[in-house]
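A.B. asks: Contents are PDB, C-alpha atoms, pLDDT in the B column; file name query.pdb:
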```pdb
ATOM      1  CA  MET A 106     -12.679 -19.673-140.670  1.00 86.00           C
ATOM      2  CA  ALA A 107     -11.523 -16.315-142.043  1.00 87.00           C
ATOM      3  CA  GLU A 108      -8.552 -17.963-143.784  1.00 91.00           C
ATOM      4  CA  PHE A 109     -10.820 -20.632-145.276  1.00 89.00           C
ATOM      5  CA  GLY A 110     -13.193 -17.951-146.576  1.00 88.00           C
ATOM      6  CA  ASP A 111     -10.311 -16.008-148.137  1.00 91.00           C
ATOM      7  CA  PHE A 112      -9.045 -19.200-149.780  1.00 92.00           C
ATOM      8  CA  CYS A 113     -12.457 -19.933-151.342  1.00 92.00           C
ATOM      9  CA  GLU A 114     -12.797 -16.383-152.651  1.00 93.00           C
ATOM     10  CA  GLU A 115      -9.284 -16.350-154.118  1.00 94.00           C
ATOM     11  CA  LYS A 116      -9.920 -19.685-155.806  1.00 93.00           C
ATOM     12  CA  LEU A 117     -13.231 -18.426-157.216  1.00 94.00           C
ATOM     13  CA  ILE A 118     -11.687 -15.217-158.569  1.00 95.00           C
ATOM     14  CA  GLN A 119      -8.866 -17.220-160.157  1.00 94.00           C
ATOM     15  CA  HIS A 120     -11.393 -19.342-162.067  1.00 93.00           C
ATOM     16  CA  ILE A 121     -13.171 -16.207-163.294  1.00 94.00           C
ATOM     17  CA  SER A 122      -9.813 -14.697-164.267  1.00 94.00           C
ATOM     18  CA  ASP A 123      -9.149 -17.855-166.304  1.00 92.00           C
ATOM     19  CA  GLY A 124     -12.296 -17.116-168.311  1.00 89.00           C
ATOM     20  CA  LYS A 125     -14.739 -19.412-166.545  1.00 90.00           C
ATOM     21  CA  ASP A 126     -18.246 -18.447-165.495  1.00 93.00           C
ATOM     22  CA  GLY A 127     -20.532 -20.287-163.102  1.00 93.00           C
ATOM     23  CA  LYS A 128     -23.785 -20.473-161.202  1.00 94.00           C
ATOM     24  CA  ILE A 129     -24.839 -19.787-157.626  1.00 96.00           C
ATOM     25  CA  ASN A 130     -26.737 -22.306-155.515  1.00 94.00           C
ATOM     26  CA  GLY A 131     -28.499 -21.439-152.267  1.00 94.00           C
ATOM     27  CA  ASP A 132     -30.693 -23.055-149.647  1.00 92.00           C
ATOM     28  CA  ASN A 133     -31.918 -22.368-146.145  1.00 91.00           C
ATOM     29  CA  LEU A 134     -29.805 -23.554-143.220  1.00 90.00           C
ATOM     30  CA  ASP A 135     -32.053 -24.155-140.205  1.00 89.00           C
ATOM     31  CA  LEU A 136     -30.694 -24.901-136.739  1.00 89.00           C
ATOM     32  CA  TYR A 137     -32.526 -25.853-133.562  1.00 89.00           C
ATOM     33  CA  VAL A 138     -30.683 -25.020-130.340  1.00 87.00           C
ATOM     34  CA  ARG A 139     -31.904 -26.643-127.136  1.00 87.00           C
ATOM     35  CA  ALA A 140     -31.420 -24.816-123.850  1.00 84.00           C
ATOM     36  CA  ASN A 141     -30.076 -26.767-120.889  1.00 83.00           C
ATOM     37  CA  ASP A 142     -32.266 -24.813-118.491  1.00 82.00           C
ATOM     38  CA  ILE A 143     -35.575 -23.415-119.759  1.00 80.00           C
ATOM     39  CA  ARG A 144     -36.329 -19.968-118.369  1.00 82.00           C
ATOM     40  CA  LEU A 145     -38.553 -17.052-119.369  1.00 79.00           C
ATOM     41  CA  ASP A 146     -35.616 -15.313-121.008  1.00 80.00           C
ATOM     42  CA  HIS A 147     -33.759 -18.452-122.110  1.00 81.00           C
ATOM     43  CA  THR A 148     -35.635 -21.035-124.203  1.00 85.00           C
ATOM     44  CA  ASN A 149     -35.057 -23.309-127.181  1.00 88.00           C
ATOM     45  CA  LYS A 150     -34.312 -21.353-130.342  1.00 87.00           C
ATOM     46  CA  ASP A 151     -35.001 -21.805-134.049  1.00 88.00           C
ATOM     47  CA  ILE A 152     -32.210 -20.186-136.064  1.00 89.00           C
ATOM     48  CA  HIS A 153     -32.619 -19.569-139.810  1.00 91.00           C
ATOM     49  CA  TYR A 154     -29.579 -18.842-141.973  1.00 94.00           C
ATOM     50  CA  PHE A 155     -28.917 -19.069-145.727  1.00 95.00           C
ATOM     51  CA  ALA A 156     -26.005 -21.032-147.217  1.00 94.00           C
ATOM     52  CA  SER A 157     -24.668 -20.617-150.768  1.00 95.00           C
ATOM     53  CA  ASP A 158     -21.941 -21.799-153.114  1.00 95.00           C
ATOM     54  CA  TRP A 159     -20.566 -20.925-156.556  1.00 96.00           C
ATOM     55  CA  THR A 160     -20.041 -23.769-159.038  1.00 94.00           C
ATOM     56  CA  ALA A 161     -17.838 -23.234-162.089  1.00 93.00           C
ATOM     57  CA  ASP A 162     -19.167 -24.225-165.512  1.00 90.00           C
ATOM     58  CA  ARG A 163     -17.441 -27.269-166.979  1.00 85.00           C
ATOM     59  CA  ILE A 164     -18.747 -26.666-170.506  1.00 80.00           C
ATOM     60  CA  ASN A 165     -17.468 -23.707-172.530  1.00 75.00           C
ATOM     61  CA  LEU A 166     -20.523 -21.948-173.977  1.00 72.00           C
ATOM     62  CA  ASP A 167     -18.652 -19.374-176.085  1.00 73.00           C
ATOM     63  CA  LYS A 168     -19.355 -21.258-179.322  1.00 74.00           C
ATOM     64  CA  TYR A 169     -23.124 -21.076-178.782  1.00 75.00           C
ATOM     65  CA  ASP A 170     -24.997 -18.062-180.150  1.00 76.00           C
ATOM     66  CA  ASN A 171     -27.162 -16.554-177.427  1.00 72.00           C
ATOM     67  CA  THR A 172     -28.197 -13.385-179.275  1.00 75.00           C
ATOM     68  CA  LYS A 173     -31.237 -14.751-181.136  1.00 78.00           C
ATOM     69  CA  PRO A 174     -33.529 -17.823-181.122  1.00 75.00           C
ATOM     70  CA  LEU A 175     -32.514 -20.781-183.264  1.00 74.00           C
ATOM     71  CA  GLN A 176     -35.839 -20.556-185.096  1.00 76.00           C
ATOM     72  CA  ASP A 177     -39.341 -19.129-184.894  1.00 80.00           C
ATOM     73  CA  VAL A 178     -41.003 -20.713-181.855  1.00 76.00           C
ATOM     74  CA  ASN A 179     -44.391 -20.572-183.589  1.00 81.00           C
ATOM     75  CA  ALA A 180     -43.061 -22.682-186.441  1.00 82.00           C
ATOM     76  CA  ILE A 181     -41.699 -25.535-184.306  1.00 81.00           C
ATOM     77  CA  ASP A 182     -43.438 -28.836-185.031  1.00 82.00           C
ATOM     78  CA  ILE A 183     -44.487 -31.005-182.087  1.00 80.00           C
ATOM     79  CA  SER A 184     -42.473 -33.902-183.531  1.00 81.00           C
ATOM     80  CA  THR A 185     -39.306 -31.932-182.762  1.00 80.00           C
ATOM     81  CA  PHE A 186     -39.691 -32.889-179.099  1.00 82.00           C
ATOM     82  CA  LEU A 187     -40.027 -36.614-179.846  1.00 87.00           C
ATOM     83  CA  LEU A 188     -36.990 -38.899-179.835  1.00 86.00           C
ATOM     84  CA  SER A 189     -35.652 -39.877-183.220  1.00 89.00           C
ATOM     85  CA  LEU A 190     -34.756 -43.511-183.981  1.00 91.00           C
ATOM     86  CA  GLU A 191     -31.084 -42.761-183.334  1.00 91.00           C
ATOM     87  CA  GLU A 192     -31.859 -40.982-180.048  1.00 90.00           C
ATOM     88  CA  THR A 193     -34.099 -43.865-178.963  1.00 92.00           C
ATOM     89  CA  LYS A 194     -31.297 -46.324-179.690  1.00 92.00           C
ATOM     90  CA  ILE A 195     -28.832 -44.287-177.613  1.00 90.00           C
ATOM     91  CA  TYR A 196     -31.335 -44.083-174.746  1.00 91.00           C
ATOM     92  CA  MET A 197     -31.987 -47.838-174.765  1.00 92.00           C
ATOM     93  CA  ASN A 198     -28.265 -48.675-174.801  1.00 92.00           C
ATOM     94  CA  SER A 199     -27.650 -46.271-171.921  1.00 91.00           C
ATOM     95  CA  LEU A 200     -30.542 -47.809-169.977  1.00 92.00           C
ATOM     96  CA  LYS A 201     -29.054 -51.280-170.470  1.00 92.00           C
ATOM     97  CA  ILE A 202     -25.786 -50.168-168.895  1.00 92.00           C
ATOM     98  CA  VAL A 203     -27.505 -48.523-165.902  1.00 91.00           C
ATOM     99  CA  LEU A 204     -29.715 -51.548-165.224  1.00 92.00           C
ATOM    100  CA  ALA A 205     -26.779 -53.937-165.650  1.00 92.00           C
ATOM    101  CA  ARG A 206     -24.849 -52.038-162.961  1.00 91.00           C
ATOM    102  CA  VAL A 207     -27.758 -52.457-160.542  1.00 89.00           C
ATOM    103  CA  LEU A 208     -28.140 -56.176-161.311  1.00 90.00           C
ATOM    104  CA  VAL A 209     -24.439 -56.861-160.831  1.00 91.00           C
ATOM    105  CA  LYS A 210     -24.477 -55.041-157.502  1.00 88.00           C
ATOM    106  CA  TYR A 211     -27.409 -56.962-155.992  1.00 88.00           C
ATOM    107  CA  VAL A 212     -27.423 -60.341-157.797  1.00 90.00           C
ATOM    108  CA  ASP A 213     -24.346 -62.485-157.056  1.00 88.00           C
ATOM    109  CA  GLU A 214     -25.056 -64.883-159.916  1.00 89.00           C
ATOM    110  CA  LEU A 215     -24.510 -62.033-162.406  1.00 88.00           C
ATOM    111  CA  GLU A 216     -21.099 -61.029-161.099  1.00 87.00           C
ATOM    112  CA  TRP A 217     -19.547 -62.303-164.351  1.00 88.00           C
ATOM    113  CA  MET A 218     -21.160 -59.385-166.179  1.00 88.00           C
ATOM    114  CA  ARG A 219     -19.082 -56.765-164.313  1.00 88.00           C
ATOM    115  CA  SER A 220     -16.083 -57.127-166.637  1.00 89.00           C
ATOM    116  CA  VAL A 221     -18.136 -56.341-169.767  1.00 89.00           C
ATOM    117  CA  ILE A 222     -20.150 -53.392-168.418  1.00 91.00           C
ATOM    118  CA  PRO A 223     -18.664 -50.024-169.514  1.00 88.00           C
ATOM    119  CA  ASN A 224     -17.455 -47.774-166.701  1.00 84.00           C
ATOM    120  CA  HIS A 225     -18.788 -44.728-168.551  1.00 83.00           C
ATOM    121  CA  ILE A 226     -21.663 -44.168-170.956  1.00 86.00           C
ATOM    122  CA  GLN A 227     -20.302 -42.600-174.128  1.00 84.00           C
ATOM    123  CA  HIS A 228     -21.673 -39.206-175.150  1.00 83.00           C
ATOM    124  CA  PRO A 229     -20.280 -36.131-176.995  1.00 82.00           C
ATOM    125  CA  LEU A 230     -19.363 -34.286-173.772  1.00 80.00           C
ATOM    126  CA  GLU A 231     -18.028 -37.223-171.753  1.00 80.00           C
ATOM    127  CA  ASP A 232     -14.476 -35.829-171.501  1.00 81.00           C
ATOM    128  CA  THR A 233     -15.759 -32.478-170.253  1.00 80.00           C
ATOM    129  CA  MET A 234     -18.309 -33.928-167.838  1.00 77.00           C
ATOM    130  CA  ALA A 235     -15.719 -36.343-166.421  1.00 78.00           C
ATOM    131  CA  GLN A 236     -13.868 -33.376-164.951  1.00 81.00           C
ATOM    132  CA  LYS A 237     -14.244 -32.748-161.248  1.00 85.00           C
ATOM    133  CA  SER A 238     -16.694 -29.990-160.368  1.00 86.00           C
ATOM    134  CA  CYS A 239     -15.164 -26.887-158.798  1.00 90.00           C
ATOM    135  CA  ILE A 240     -17.345 -25.683-155.920  1.00 92.00           C
ATOM    136  CA  CYS A 241     -16.455 -22.604-153.883  1.00 93.00           C
ATOM    137  CA  TRP A 242     -18.314 -21.930-150.649  1.00 93.00           C
ATOM    138  CA  LEU A 243     -19.788 -18.481-150.138  1.00 95.00           C
ATOM    139  CA  PRO A 244     -20.354 -16.719-146.789  1.00 94.00           C
ATOM    140  CA  ILE A 245     -23.366 -17.902-144.790  1.00 94.00           C
ATOM    141  CA  GLN A 246     -25.865 -15.072-144.589  1.00 94.00           C
ATOM    142  CA  LEU A 247     -27.822 -14.481-141.403  1.00 94.00           C
ATOM    143  CA  LYS A 248     -31.046 -14.203-143.395  1.00 94.00           C
ATOM    144  CA  ASN A 249     -34.355 -16.065-143.308  1.00 94.00           C
ATOM    145  CA  GLU A 250     -35.699 -16.826-146.779  1.00 93.00           C
ATOM    146  CA  ALA A 251     -39.254 -16.896-145.379  1.00 91.00           C
ATOM    147  CA  PHE A 252     -39.227 -13.074-145.479  1.00 93.00           C
ATOM    148  CA  ASN A 253     -39.254 -11.124-148.745  1.00 91.00           C
ATOM    149  CA  SER A 254     -37.040  -8.444-147.219  1.00 93.00           C
ATOM    150  CA  ASP A 255     -34.364 -11.029-146.407  1.00 94.00           C
ATOM    151  CA  CYS A 256     -34.639 -12.597-149.883  1.00 94.00           C
ATOM    152  CA  ILE A 257     -33.982  -9.177-151.432  1.00 94.00           C
ATOM    153  CA  GLN A 258     -30.910  -8.784-149.206  1.00 95.00           C
ATOM    154  CA  ILE A 259     -29.694 -12.277-150.177  1.00 95.00           C
ATOM    155  CA  MET A 260     -29.945 -11.463-153.892  1.00 95.00           C
ATOM    156  CA  ASP A 261     -28.449  -8.010-153.330  1.00 95.00           C
ATOM    157  CA  CYS A 262     -25.483  -9.648-151.594  1.00 95.00           C
ATOM    158  CA  TYR A 263     -25.047 -11.949-154.605  1.00 96.00           C
ATOM    159  CA  GLU A 264     -24.996  -8.917-156.913  1.00 95.00           C
ATOM    160  CA  LYS A 265     -22.320  -7.165-154.851  1.00 95.00           C
ATOM    161  CA  MET A 266     -20.166 -10.303-154.697  1.00 96.00           C
ATOM    162  CA  ILE A 267     -20.436 -10.863-158.469  1.00 96.00           C
ATOM    163  CA  SER A 268     -19.405  -7.281-159.157  1.00 95.00           C
ATOM    164  CA  LYS A 269     -16.422  -7.629-156.809  1.00 95.00           C
ATOM    165  CA  TRP A 270     -15.327 -10.958-158.326  1.00 96.00           C
ATOM    166  CA  TYR A 271     -15.382  -9.806-161.937  1.00 95.00           C
ATOM    167  CA  GLN A 272     -13.813  -6.431-161.189  1.00 95.00           C
ATOM    168  CA  THR A 273     -10.989  -8.099-159.252  1.00 95.00           C
ATOM    169  CA  ALA A 274     -10.502 -10.723-161.972  1.00 95.00           C
ATOM    170  CA  GLY A 275     -10.110  -8.008-164.629  1.00 94.00           C
ATOM    171  CA  ARG A 276     -13.404  -8.848-166.350  1.00 93.00           C
ATOM    172  CA  GLY A 277     -15.425  -5.841-165.240  1.00 91.00           C
ATOM    173  CA  ALA A 278     -16.519  -5.169-168.838  1.00 92.00           C
ATOM    174  CA  ASP A 279     -18.339  -8.529-168.889  1.00 91.00           C
ATOM    175  CA  LEU A 280     -20.781  -7.277-166.256  1.00 92.00           C
ATOM    176  CA  GLU A 281     -22.713  -5.386-168.936  1.00 89.00           C
ATOM    177  CA  ASN A 282     -24.119  -8.604-170.442  1.00 88.00           C
ATOM    178  CA  LEU A 283     -23.388 -11.118-167.686  1.00 91.00           C
ATOM    179  CA  LEU A 284     -26.114 -13.509-166.525  1.00 92.00           C
ATOM    180  CA  VAL A 285     -25.444 -15.786-163.545  1.00 94.00           C
ATOM    181  CA  PRO A 286     -28.017 -18.553-162.910  1.00 94.00           C
ATOM    182  CA  VAL A 287     -29.213 -18.948-159.317  1.00 95.00           C
ATOM    183  CA  GLY A 288     -30.353 -22.396-158.219  1.00 93.00           C
ATOM    184  CA  GLY A 289     -32.512 -23.381-155.259  1.00 91.00           C
ATOM    185  CA  ASP A 290     -35.162 -25.893-154.272  1.00 90.00           C
ATOM    186  CA  GLN A 291     -38.750 -25.381-155.402  1.00 88.00           C
ATOM    187  CA  LEU A 292     -39.663 -23.015-152.556  1.00 89.00           C
ATOM    188  CA  THR A 293     -36.387 -21.093-152.620  1.00 91.00           C
ATOM    189  CA  ARG A 294     -36.700 -20.559-156.367  1.00 92.00           C
ATOM    190  CA  VAL A 295     -40.123 -18.952-155.974  1.00 91.00           C
ATOM    191  CA  ARG A 296     -38.964 -16.703-153.139  1.00 92.00           C
ATOM    192  CA  LEU A 297     -35.772 -15.505-154.851  1.00 92.00           C
ATOM    193  CA  GLN A 298     -37.630 -14.957-158.118  1.00 91.00           C
ATOM    194  CA  SER A 299     -40.115 -12.779-156.234  1.00 90.00           C
ATOM    195  CA  ALA A 300     -37.224 -10.732-154.840  1.00 89.00           C
ATOM    196  CA  GLY A 301     -36.180  -9.871-158.388  1.00 86.00           C
ATOM    197  CA  THR A 302     -39.724  -8.826-159.238  1.00 88.00           C
ATOM    198  CA  LEU A 303     -39.897  -6.508-156.226  1.00 89.00           C
ATOM    199  CA  ARG A 304     -36.715  -4.763-157.406  1.00 89.00           C
ATOM    200  CA  ALA A 305     -37.901  -4.370-161.032  1.00 87.00           C
ATOM    201  CA  GLY A 306     -38.409  -0.605-160.704  1.00 87.00           C
ATOM    202  CA  ALA A 307     -34.934   0.217-159.369  1.00 89.00           C
ATOM    203  CA  HIS A 308     -32.586   2.592-161.206  1.00 90.00           C
ATOM    204  CA  THR A 309     -29.537   0.438-162.033  1.00 90.00           C
ATOM    205  CA  ALA A 310     -29.083  -3.090-163.380  1.00 89.00           C
ATOM    206  CA  GLN A 311     -27.381  -4.126-160.149  1.00 90.00           C
ATOM    207  CA  GLU A 312     -30.231  -2.766-158.034  1.00 91.00           C
ATOM    208  CA  ARG A 313     -32.737  -4.555-160.314  1.00 92.00           C
ATOM    209  CA  LEU A 314     -30.786  -7.799-159.756  1.00 92.00           C
ATOM    210  CA  GLU A 315     -30.558  -8.230-163.529  1.00 92.00           C
ATOM    211  CA  HIS A 316     -27.322 -10.238-163.412  1.00 93.00           C
ATOM    212  CA  LEU A 317     -29.041 -13.009-161.433  1.00 93.00           C
ATOM    213  CA  GLN A 318     -30.913 -14.814-164.204  1.00 91.00           C
ATOM    214  CA  PRO A 319     -32.436 -17.265-164.563  1.00 91.00           C
ATOM    215  CA  VAL A 320     -33.543 -18.435-161.113  1.00 92.00           C
ATOM    216  CA  ILE A 321     -33.841 -22.183-161.610  1.00 91.00           C
ATOM    217  CA  CYS A 322     -35.099 -25.153-159.624  1.00 90.00           C
ATOM    218  CA  GLU A 323     -32.657 -27.667-158.114  1.00 87.00           C
ATOM    219  CA  MET A 324     -33.934 -31.029-156.889  1.00 85.00           C
ATOM    220  CA  PHE A 325     -31.922 -30.932-153.647  1.00 78.00           C
ATOM    221  CA  HIS A 326     -34.560 -32.502-151.428  1.00 77.00           C
ATOM    222  CA  THR A 327     -35.869 -34.911-154.056  1.00 81.00           C
ATOM    223  CA  LEU A 328     -32.381 -36.365-154.446  1.00 79.00           C
ATOM    224  CA  GLN A 329     -31.933 -36.428-150.664  1.00 80.00           C
ATOM    225  CA  ASP A 330     -35.198 -38.356-150.221  1.00 80.00           C
ATOM    226  CA  PHE A 331     -34.143 -40.803-152.945  1.00 80.00           C
ATOM    227  CA  ILE A 332     -30.792 -41.448-151.237  1.00 80.00           C
ATOM    228  CA  GLU A 333     -32.497 -41.954-147.854  1.00 82.00           C
ATOM    229  CA  ILE A 334     -34.886 -44.511-149.386  1.00 82.00           C
ATOM    230  CA  LEU A 335     -31.967 -46.411-150.911  1.00 76.00           C
ATOM    231  CA  GLN A 336     -30.153 -46.469-147.555  1.00 75.00           C
ATOM    232  CA  HIS A 337     -33.250 -47.749-145.698  1.00 73.00           C
ATOM    233  CA  GLN A 338     -33.651 -50.524-148.270  1.00 67.00           C
ATOM    234  CA  GLN A 339     -30.040 -51.614-147.762  1.00 63.00           C
ATOM    235  CA  TRP A 340     -30.509 -51.674-143.995  1.00 60.00           C
TER     236      TRP A 340
END
```
Take the structure I supplied and represent it as structure tokens, if you would.
C.D. replies:
Amino acid sequence: MAEFGDFCEEKLIQHISDGKDGKINGDNLDLYVRANDIRLDHTNKDIHYFASDWTADRINLDKYDNTKPLQDVNAIDISTFLLSLEETKIYMNSLKIVLARVLVKYVDELEWMRSVIPNHIQHPLEDTMAQKSCICWLPIQLKNEAFNSDCIQIMDCYEKMISKWYQTAGRGADLENLLVPVGGDQLTRVRLQSAGTLRAGAHTAQERLEHLQPVICEMFHTLQDFIEILQHQQW
């Protein structure tokens, strides 16, 4: 286990040394241990840990200006958020391909369509997004996200690891303006965001958890429920 952990950390630092950044994902890891013999001092146990990983960015964001807004937010017209005719056309064509894949899979009479359905939907970043994601596992923390004190320690551990990674990779100067997104499910996002708020009055940027922004929502459990429903339908 120690060798595997060292391998993941070395791989992560190598990616950062190559100029890549990434995001951290975390979620609770709950275990229920049943006792063979129930006694007053030996019963079933609920164990609450916290598991995390670091995922490297596949898209290079250096060409995007992040120093100022693209335009005045008060001057944005509502029509800006509506699909244009060209965007609507692209959406409809993409929807045709997705639906055709489902029909070919479940309707034998439409098997002839398989040869004419594109394997990939064309888009400007298709070459980049076709690359395999690089995911590096982080140490499991013996923390329970149900407690604010543990959430602060989880985020504080992230801060210390980020500082170590970038210093080791020779990019310590980037820590001054570095922002690392942290992803979690709906409940985890609220709890970790609260941890940052509780540290807002600390003295240093690392103590204020300022490198861990934004804390975003990941649809872990929504996707899991969707996959389970699909499996039950196939059974």
A.B. asks: Please work out which residues fall within 8 Å of (-3.6, -11.6, -164.8), coordinates as given in the file, with all atoms listed in the file counting, and return them as a ChimeraX atom specification.
C.D. replies: /A:122,274-275
A.B. asks: What do you get, as JSON, numbers by chain, if you spell out every residue that the PyMOL selection byres ((chain A and resi 126-139) around 8) selects here?
C.D. replies: {"A": [120, 121, 124, 125, 140, 141, 148, 149, 150, 151, 152, 153, 154, 155, 156, 157, 158, 159, 160, 161, 162, 249, 250, 285, 286, 287, 288, 289, 290, 293]}
A.B. asks: One decimal, Å: what's the distance from CA of Leu317 in chain A over to CA of Leu243 in chain A, could you say?
C.D. replies: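 Those two atoms sit 15.6 Å apart.
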A.B. asks: Report as a PyMOL selection string all protein, DNA and RNA residues lying within 12 Å of Ser199 in chain A, evaluated on all atoms listed in the file, omitting residues in the same chain fewer than 2 positions from it.
C.D. replies: chain A and resi 192-197+201-206+222-228
A.B. asks: Keeping only C-alpha atoms, take the residues you just selected and write them out as a PDB file, in the coordinates of the input.
C.D. replies:
```pdb
ATOM      1  CA  GLU A 192     -31.859 -40.982-180.048  1.00 90.00           C
ATOM      2  CA  THR A 193     -34.099 -43.865-178.963  1.00 92.00           C
ATOM      3  CA  LYS A 194     -31.297 -46.324-179.690  1.00 92.00           C
ATOM      4  CA  ILE A 195     -28.832 -44.287-177.613  1.00 90.00           C
ATOM      5  CA  TYR A 196     -31.335 -44.083-174.746  1.00 91.00           C
ATOM      6  CA  MET A 197     -31.987 -47.838-174.765  1.00 92.00           C
ATOM      7  CA  LYS A 201     -29.054 -51.280-170.470  1.00 92.00           C
ATOM      8  CA  ILE A 202     -25.786 -50.168-168.895  1.00 92.00           C
ATOM      9  CA  VAL A 203     -27.505 -48.523-165.902  1.00 91.00           C
ATOM     10  CA  LEU A 204     -29.715 -51.548-165.224  1.00 92.00           C
ATOM     11  CA  ALA A 205     -26.779 -53.937-165.650  1.00 92.00           C
ATOM     12  CA  ARG A 206     -24.849 -52.038-162.961  1.00 91.00           C
ATOM     13  CA  ILE A 222     -20.150 -53.392-168.418  1.00 91.00           C
ATOM     14  CA  PRO A 223     -18.664 -50.024-169.514  1.00 88.00           C
ATOM     15  CA  ASN A 224     -17.455 -47.774-166.701  1.00 84.00           C
ATOM     16  CA  HIS A 225     -18.788 -44.728-168.551  1.00 83.00           C
ATOM     17  CA  ILE A 226     -21.663 -44.168-170.956  1.00 86.00           C
ATOM     18  CA  GLN A 227     -20.302 -42.600-174.128  1.00 84.00           C
ATOM     19  CA  HIS A 228     -21.673 -39.206-175.150  1.00 83.00           C
TER      20      HIS A 228
END
```
A.B. asks: Just how far from CA of Lys116 in chain A is CA of Ser268 in chain A, in Å to one decimal?
C.D. replies: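 It comes out at 16.0 Å.
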A.B. asks: Rank nothing, just name the residue among A:Leu283, A:Leu215, A:Ile245, A:Ile267 nearest to Gly110 in chain A, using all atoms listed in the file.
C.D. replies: A:Ile245
